[in-house]
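First up is the structure itself, then whatever we jot down about it.
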Amino acid sequence: MKLFLVLLLSTIAFNTLSIEVVIHNLSSLSNNGQKTVSTWVNQSVEKTKNTLGPLQQSILPIYLKPQYFAFEPVPWATVKRNNPDGLELHIDRYASLKAFTKDWTLFHELAHLYLPLLPYSGFWLSEGFASYMQNVIMRDNGIITQPQFVQRLNAGFDRARLQTKTKNQPLDKLSADMWRQRAQQRVYWTGAAFFVEADLALQKQGKTVSHVIKAYQVCCRASRSDAKTLIKNLDKLSKSSVFSNLYVKYNSRTDFPTITKSQLNQL
């Protein structure tokens, strides 16, 4: 009976928590542009919530930087760590709702908000999580198909394998210096491989990374954290040693793991 009540309360907490999206500089767009961007942002927040659960903040500020000449819907974006955390989006002011929806950038940045800001040496975890989850969210919500999901991850892994040939320092060291060395491909996609391996291992227990992250929002997201504390919490929530075992293997690794398309199709 006690366990039932705990599960019931957890379900209520997940389902009732809502977030107010506040879009700054929206008035710089035309009336049609305002409607398009508002719809896109709010739909993206909802789709991300479908996969990862509600964000543990009552307000989500979005700072728009519209551009007149852009070659893609969202040429650049970043997280603005504050109280509350928000996003800065550089957008093509003329992009259609369809074009915005198919773009991965907002899903990537929203995923970042589900983990705390980690030290530079742990950026491979945060960037890997966002790179993996942008594709999981898009797949889960029907924006891309399962074959496209596999293709996108495999393409990222191929880029990382290639860059690992010349950027082969221990991952935590390279992560702290990735901007100077322009080593984003190896750092981002090796981190994504970490979460792929975690998902494959959790599947054997009937769990997923997404489910663990939902629980993490409720118990621990509000606290400051380093990489080791994050990993410890994820192990505790998954009632496993999946994350710590992988962390030991990945944090100082100098190679790229072997992950096949067959394994990606199991996700």
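Letters for chains follow the order of the structure tokens (A, B, ...), residue numbers begin at 1 for each chain, and ligand numbers begin at 1 in the order shown.
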
Segment 80-191 of chain A near segment 205-228 of chain A within 9 Å: what's each residue's closest atom pair and its distance in Å to one decimal, counting only C-alpha atoms, ordered by chain then ascending residue number, as a tab-separated table?
residue	atom	partner	partner_atom	distance
A:Tyr114	CA	A:Gln217	CA	6.9
A:Leu115	CA	A:Arg221	CA	6.7
A:Pro116	CA	A:Ser225	CA	6.4
A:Leu117	CA	A:Ser225	CA	7.5
A:Leu118	CA	A:Asp226	CA	5.5
A:Pro119	CA	A:Asp226	CA	6.6
A:Ser121	CA	A:Ala227	CA	8.5
A:Gly122	CA	A:Ala227	CA	5.7
A:Phe123	CA	A:Ala227	CA	8.8
A:Leu125	CA	A:Ala227	CA	7.7
A:Met133	CA	A:Ser210	CA	8.5
A:Val136	CA	A:Ser210	CA	9.0

Save the residues we just selected, N, CA, C and O atoms, as a PDB file, in the first residue's frame?
ATOM      1  N   TYR A 114      17.900  19.434 -18.637  1.00  0.00           N
ATOM      2  CA  TYR A 114      17.562  18.315 -17.764  1.00  0.00           C
ATOM      3  C   TYR A 114      18.747  17.842 -16.922  1.00  0.00           C
ATOM      4  O   TYR A 114      18.576  17.031 -16.014  1.00  0.00           O
ATOM      5  N   LEU A 115      19.950  18.345 -17.233  1.00  0.00           N
ATOM      6  CA  LEU A 115      21.132  18.053 -16.431  1.00  0.00           C
ATOM      7  C   LEU A 115      21.695  19.368 -15.902  1.00  0.00           C
ATOM      8  O   LEU A 115      21.533  20.418 -16.524  1.00  0.00           O
ATOM      9  N   PRO A 116      22.386  19.329 -14.773  1.00  0.00           N
ATOM     10  CA  PRO A 116      23.004  20.556 -14.254  1.00  0.00           C
ATOM     11  C   PRO A 116      24.220  20.946 -15.081  1.00  0.00           C
ATOM     12  O   PRO A 116      24.717  20.148 -15.888  1.00  0.00           O
ATOM     13  N   LEU A 117      24.691  22.165 -14.871  1.00  0.00           N
ATOM     14  CA  LEU A 117      25.923  22.609 -15.518  1.00  0.00           C
ATOM     15  C   LEU A 117      27.097  21.871 -14.885  1.00  0.00           C
ATOM     16  O   LEU A 117      27.331  21.961 -13.681  1.00  0.00           O
ATOM     17  N   LEU A 118      27.822  21.128 -15.691  1.00  0.00           N
ATOM     18  CA  LEU A 118      28.952  20.343 -15.205  1.00  0.00           C
ATOM     19  C   LEU A 118      30.265  21.084 -15.454  1.00  0.00           C
ATOM     20  O   LEU A 118      30.339  21.951 -16.340  1.00  0.00           O
ATOM     21  N   PRO A 119      31.327  20.759 -14.718  1.00  0.00           N
ATOM     22  CA  PRO A 119      32.650  21.325 -15.013  1.00  0.00           C
ATOM     23  C   PRO A 119      33.078  20.967 -16.433  1.00  0.00           C
ATOM     24  O   PRO A 119      32.590  19.995 -17.017  1.00  0.00           O
ATOM     25  N   SER A 121      35.517  19.436 -17.676  1.00  0.00           N
ATOM     26  CA  SER A 121      35.967  18.064 -17.886  1.00  0.00           C
ATOM     27  C   SER A 121      34.803  17.089 -18.024  1.00  0.00           C
ATOM     28  O   SER A 121      34.972  15.978 -18.534  1.00  0.00           O
ATOM     29  N   GLY A 122      33.615  17.508 -17.600  1.00  0.00           N
ATOM     30  CA  GLY A 122      32.425  16.668 -17.721  1.00  0.00           C
ATOM     31  C   GLY A 122      31.503  17.062 -18.848  1.00  0.00           C
ATOM     32  O   GLY A 122      30.398  16.520 -18.967  1.00  0.00           O
ATOM     33  N   PHE A 123      31.952  17.992 -19.696  1.00  0.00           N
ATOM     34  CA  PHE A 123      31.098  18.433 -20.802  1.00  0.00           C
ATOM     35  C   PHE A 123      30.795  17.302 -21.779  1.00  0.00           C
ATOM     36  O   PHE A 123      29.800  17.357 -22.496  1.00  0.00           O
ATOM     37  N   LEU A 125      29.742  14.506 -21.010  1.00  0.00           N
ATOM     38  CA  LEU A 125      28.483  13.934 -20.533  1.00  0.00           C
ATOM     39  C   LEU A 125      27.294  14.796 -20.942  1.00  0.00           C
ATOM     40  O   LEU A 125      26.298  14.297 -21.470  1.00  0.00           O
ATOM     41  N   MET A 133      19.832  12.655 -26.948  1.00  0.00           N
ATOM     42  CA  MET A 133      18.417  12.892 -26.667  1.00  0.00           C
ATOM     43  C   MET A 133      17.703  13.705 -27.752  1.00  0.00           C
ATOM     44  O   MET A 133      16.501  13.547 -27.952  1.00  0.00           O
ATOM     45  N   VAL A 136      16.443  11.006 -29.800  1.00  0.00           N
ATOM     46  CA  VAL A 136      15.424  10.210 -29.118  1.00  0.00           C
ATOM     47  C   VAL A 136      14.099  10.970 -29.083  1.00  0.00           C
ATOM     48  O   VAL A 136      13.036  10.413 -29.376  1.00  0.00           O
TER      49      VAL A 136
END

Find the residues near segment 41-50 of chain A: any atom within 9 Å, counting only C-alpha atoms, skip ones fewer than 3 places away on the same chain, and give them as a VMD selection string. chain A and resid 21 23 36 to 38 53 to 55 62 100 to 101 106 to 107 110 to 111 134 137 to 138 140 to 141

Can I get the selected residues back with all heavy atoms, as a short mmCIF file (atom, residue, chain, number, x, y, z; two decimals), in the first residue's frame?
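Resulting contents of selection_20.cif:
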data_model
loop_
_atom_site.label_atom_id
_atom_site.label_comp_id
_atom_site.auth_asym_id
_atom_site.auth_seq_id
_atom_site.Cartn_x
_atom_site.Cartn_y
_atom_site.Cartn_z
N VAL A 21 6.36 29.27 -20.63
CA VAL A 21 7.39 29.64 -21.60
C VAL A 21 7.25 31.13 -21.91
O VAL A 21 6.20 31.59 -22.36
CB VAL A 21 7.25 28.82 -22.90
CG1 VAL A 21 8.31 29.24 -23.91
CG2 VAL A 21 7.35 27.33 -22.59
N ILE A 23 8.77 34.07 -24.15
CA ILE A 23 9.60 34.32 -25.32
C ILE A 23 9.90 35.81 -25.42
O ILE A 23 9.01 36.63 -25.66
CB ILE A 23 8.91 33.83 -26.61
CG1 ILE A 23 8.53 32.35 -26.47
CG2 ILE A 23 9.82 34.03 -27.81
CD1 ILE A 23 7.77 31.79 -27.66
N THR A 36 4.16 31.56 -35.62
CA THR A 36 4.97 30.40 -36.01
C THR A 36 5.97 30.04 -34.91
O THR A 36 6.07 28.87 -34.49
CB THR A 36 5.73 30.69 -37.32
OG1 THR A 36 4.79 30.86 -38.38
CG2 THR A 36 6.69 29.56 -37.67
N VAL A 37 6.70 31.03 -34.43
CA VAL A 37 7.74 30.77 -33.43
C VAL A 37 7.13 30.34 -32.10
O VAL A 37 7.63 29.41 -31.45
CB VAL A 37 8.65 32.01 -33.26
CG1 VAL A 37 9.55 31.85 -32.04
CG2 VAL A 37 9.48 32.24 -34.52
N SER A 38 6.04 30.97 -31.70
CA SER A 38 5.38 30.58 -30.45
C SER A 38 4.91 29.14 -30.51
O SER A 38 5.09 28.36 -29.55
CB SER A 38 4.19 31.51 -30.17
OG SER A 38 4.62 32.83 -29.94
N GLY A 53 9.96 14.05 -19.37
CA GLY A 53 9.21 14.54 -18.23
C GLY A 53 9.28 16.06 -18.12
O GLY A 53 9.96 16.72 -18.90
N PRO A 54 8.57 16.63 -17.16
CA PRO A 54 8.54 18.09 -17.01
C PRO A 54 9.87 18.63 -16.48
O PRO A 54 10.53 17.99 -15.65
CB PRO A 54 7.43 18.33 -15.98
CG PRO A 54 6.72 17.03 -15.83
CD PRO A 54 7.68 15.95 -16.19
N LEU A 55 10.25 19.80 -16.96
CA LEU A 55 11.38 20.51 -16.38
C LEU A 55 11.02 20.98 -14.98
O LEU A 55 9.88 21.36 -14.72
CB LEU A 55 11.75 21.72 -17.24
CG LEU A 55 12.60 21.46 -18.48
CD1 LEU A 55 12.63 22.70 -19.37
CD2 LEU A 55 14.02 21.05 -18.10
N ILE A 62 12.97 32.24 -23.13
CA ILE A 62 13.56 32.02 -24.45
C ILE A 62 13.92 33.39 -25.01
O ILE A 62 13.07 34.27 -25.15
CB ILE A 62 12.56 31.33 -25.41
CG1 ILE A 62 12.05 30.01 -24.83
CG2 ILE A 62 13.20 31.14 -26.79
CD1 ILE A 62 13.06 28.89 -24.81
N PHE A 100 11.16 24.69 -38.88
CA PHE A 100 11.56 24.76 -37.47
C PHE A 100 11.40 23.40 -36.80
O PHE A 100 12.28 22.94 -36.07
CB PHE A 100 10.72 25.79 -36.72
CG PHE A 100 11.19 27.22 -36.85
CD1 PHE A 100 10.31 28.23 -37.22
CD2 PHE A 100 12.51 27.56 -36.58
CE1 PHE A 100 10.73 29.55 -37.33
CE2 PHE A 100 12.95 28.89 -36.69
CZ PHE A 100 12.06 29.88 -37.07
N THR A 101 10.28 22.75 -37.03
CA THR A 101 9.98 21.49 -36.36
C THR A 101 10.98 20.40 -36.72
O THR A 101 11.35 19.57 -35.88
CB THR A 101 8.56 21.02 -36.72
OG1 THR A 101 7.61 22.02 -36.31
CG2 THR A 101 8.21 19.70 -36.05
N LEU A 106 16.70 23.04 -31.20
CA LEU A 106 15.94 23.35 -29.99
C LEU A 106 15.82 22.13 -29.09
O LEU A 106 15.92 22.24 -27.86
CB LEU A 106 14.56 23.90 -30.36
CG LEU A 106 13.66 24.30 -29.17
CD1 LEU A 106 14.38 25.23 -28.20
CD2 LEU A 106 12.38 24.95 -29.68
N PHE A 107 15.64 20.96 -29.66
CA PHE A 107 15.56 19.74 -28.85
C PHE A 107 16.89 19.49 -28.13
O PHE A 107 16.90 19.05 -26.97
CB PHE A 107 15.19 18.54 -29.72
CG PHE A 107 13.82 18.66 -30.34
CD1 PHE A 107 13.68 18.75 -31.72
CD2 PHE A 107 12.68 18.69 -29.55
CE1 PHE A 107 12.42 18.87 -32.29
CE2 PHE A 107 11.42 18.81 -30.12
CZ PHE A 107 11.29 18.90 -31.49
N LEU A 110 17.07 22.11 -25.24
CA LEU A 110 16.12 21.77 -24.18
C LEU A 110 16.62 20.58 -23.37
O LEU A 110 16.49 20.55 -22.14
CB LEU A 110 14.75 21.45 -24.78
CG LEU A 110 13.93 22.64 -25.27
CD1 LEU A 110 12.73 22.17 -26.09
CD2 LEU A 110 13.46 23.51 -24.10
N ALA A 111 17.21 19.60 -24.04
CA ALA A 111 17.73 18.43 -23.33
C ALA A 111 18.81 18.84 -22.32
O ALA A 111 18.91 18.26 -21.23
CB ALA A 111 18.29 17.41 -24.33
N GLN A 134 18.42 14.58 -28.45
CA GLN A 134 17.75 15.31 -29.53
C GLN A 134 17.15 14.32 -30.52
O GLN A 134 16.04 14.54 -31.05
CB GLN A 134 18.74 16.25 -30.23
CG GLN A 134 19.73 15.55 -31.16
CD GLN A 134 20.88 16.40 -31.61
OE1 GLN A 134 21.40 17.22 -30.86
NE2 GLN A 134 21.32 16.21 -32.85
N ILE A 137 14.15 12.24 -28.73
CA ILE A 137 12.93 13.07 -28.67
C ILE A 137 12.27 13.14 -30.04
O ILE A 137 11.05 12.98 -30.16
CB ILE A 137 13.27 14.48 -28.16
CG1 ILE A 137 13.76 14.43 -26.71
CG2 ILE A 137 12.06 15.40 -28.28
CD1 ILE A 137 14.46 15.70 -26.25
N MET A 138 13.06 13.39 -31.07
CA MET A 138 12.50 13.51 -32.42
C MET A 138 11.91 12.18 -32.89
O MET A 138 10.85 12.15 -33.52
CB MET A 138 13.57 14.02 -33.39
CG MET A 138 14.04 15.44 -33.08
SD MET A 138 15.35 16.04 -34.17
CE MET A 138 14.38 16.50 -35.61
N ASP A 140 10.80 9.70 -30.83
CA ASP A 140 9.65 9.40 -29.98
C ASP A 140 8.40 10.16 -30.41
O ASP A 140 7.28 9.67 -30.23
CB ASP A 140 9.94 9.74 -28.52
CG ASP A 140 10.90 8.75 -27.86
OD1 ASP A 140 11.26 7.75 -28.51
OD2 ASP A 140 11.28 8.99 -26.69
N ASN A 141 8.59 11.35 -30.95
CA ASN A 141 7.46 12.21 -31.31
C ASN A 141 7.14 12.20 -32.81
O ASN A 141 6.39 13.05 -33.29
CB ASN A 141 7.72 13.64 -30.82
CG ASN A 141 7.62 13.75 -29.31
OD1 ASN A 141 6.54 13.92 -28.76
ND2 ASN A 141 8.76 13.65 -28.62
#

Rank A:Gln181, A:Gln169, A:Gln67, A:Thr260 by their smallest atom-to-atom distance to Ala155 of chain A, using only C-alpha atoms, and report the top residue only.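 Ranked by minimum distance to Ala155 of chain A, first place goes to A:Thr260.
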
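Per DSSP on the backbone, strand (DSSP E) in segment 28-255 of chain A comprises A:Ile59, A:Leu60, A:Pro61, A:Ile62, A:Tyr63, A:Leu64, A:Lys65, A:Pro66, A:Gln67, A:Trp76, A:Ala77, A:Thr78, A:Val79, A:Lys80, A:Gly86, A:Leu87, A:Glu88, A:Leu89, A:His90, A:Ile91, A:Asp92.
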
Go ahead and compute the interatomic distance for atom CA of Leu87 of chain A and atom CA of Ile231 of chain A, in Å to one decimal. 24.9 Å

Looking only at the backbone, which of the residues in segment 34-249 of chain A does DSSP tag as alpha helix (DSSP H), as a ChimeraX atom specification? /A:34-52,97-102,105-112,123-140,146-164,171-176,178-181,184-203,209-219,227-238,242-249

Between A:Ser175, A:Ala183, A:Arg253, A:Lys261, which is the closest to Leu162 of chain A once you count only C-alpha atoms?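 Answer, going by the shortest atom-to-atom distance: A:Ala183.
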
From the options A:Asn233, A:Thr39, A:Ser240, A:Gln34, which residue's atoms come nearest to Gln203 of chain A, counting only C-alpha atoms? A:Ser240

Just to confirm, what's the straight-line distance from atom CA of Glu109 of chain A to atom CA of Lys232 of chain A in Å (one decimal)? 23.7 Å

What gap, in Å, lies between atom CA of Pro84 of chain A and atom CA of Pro61 of chain A?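 Atom CA of Pro61 of chain A lies at a distance of 7.6 Å from atom CA of Pro84 of chain A.
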
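Across A:Leu89, A:Leu237, A:Val242, A:Ile144, the tightest approach to Thr105 of chain A is made by A:Leu89 when counting only C-alpha atoms.
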
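Minimum distance to Asn83 of chain A across A:Leu246, A:Leu64, A:Ala70, A:Leu113 (counting only C-alpha atoms) occurs at A:Leu113.
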
From the options A:Gln266, A:Thr190, A:Ser18, A:Asn32, which residue's atoms come nearest to Ala95 of chain A, counting only C-alpha atoms?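 Answer, going by the shortest atom-to-atom distance: A:Asn32.
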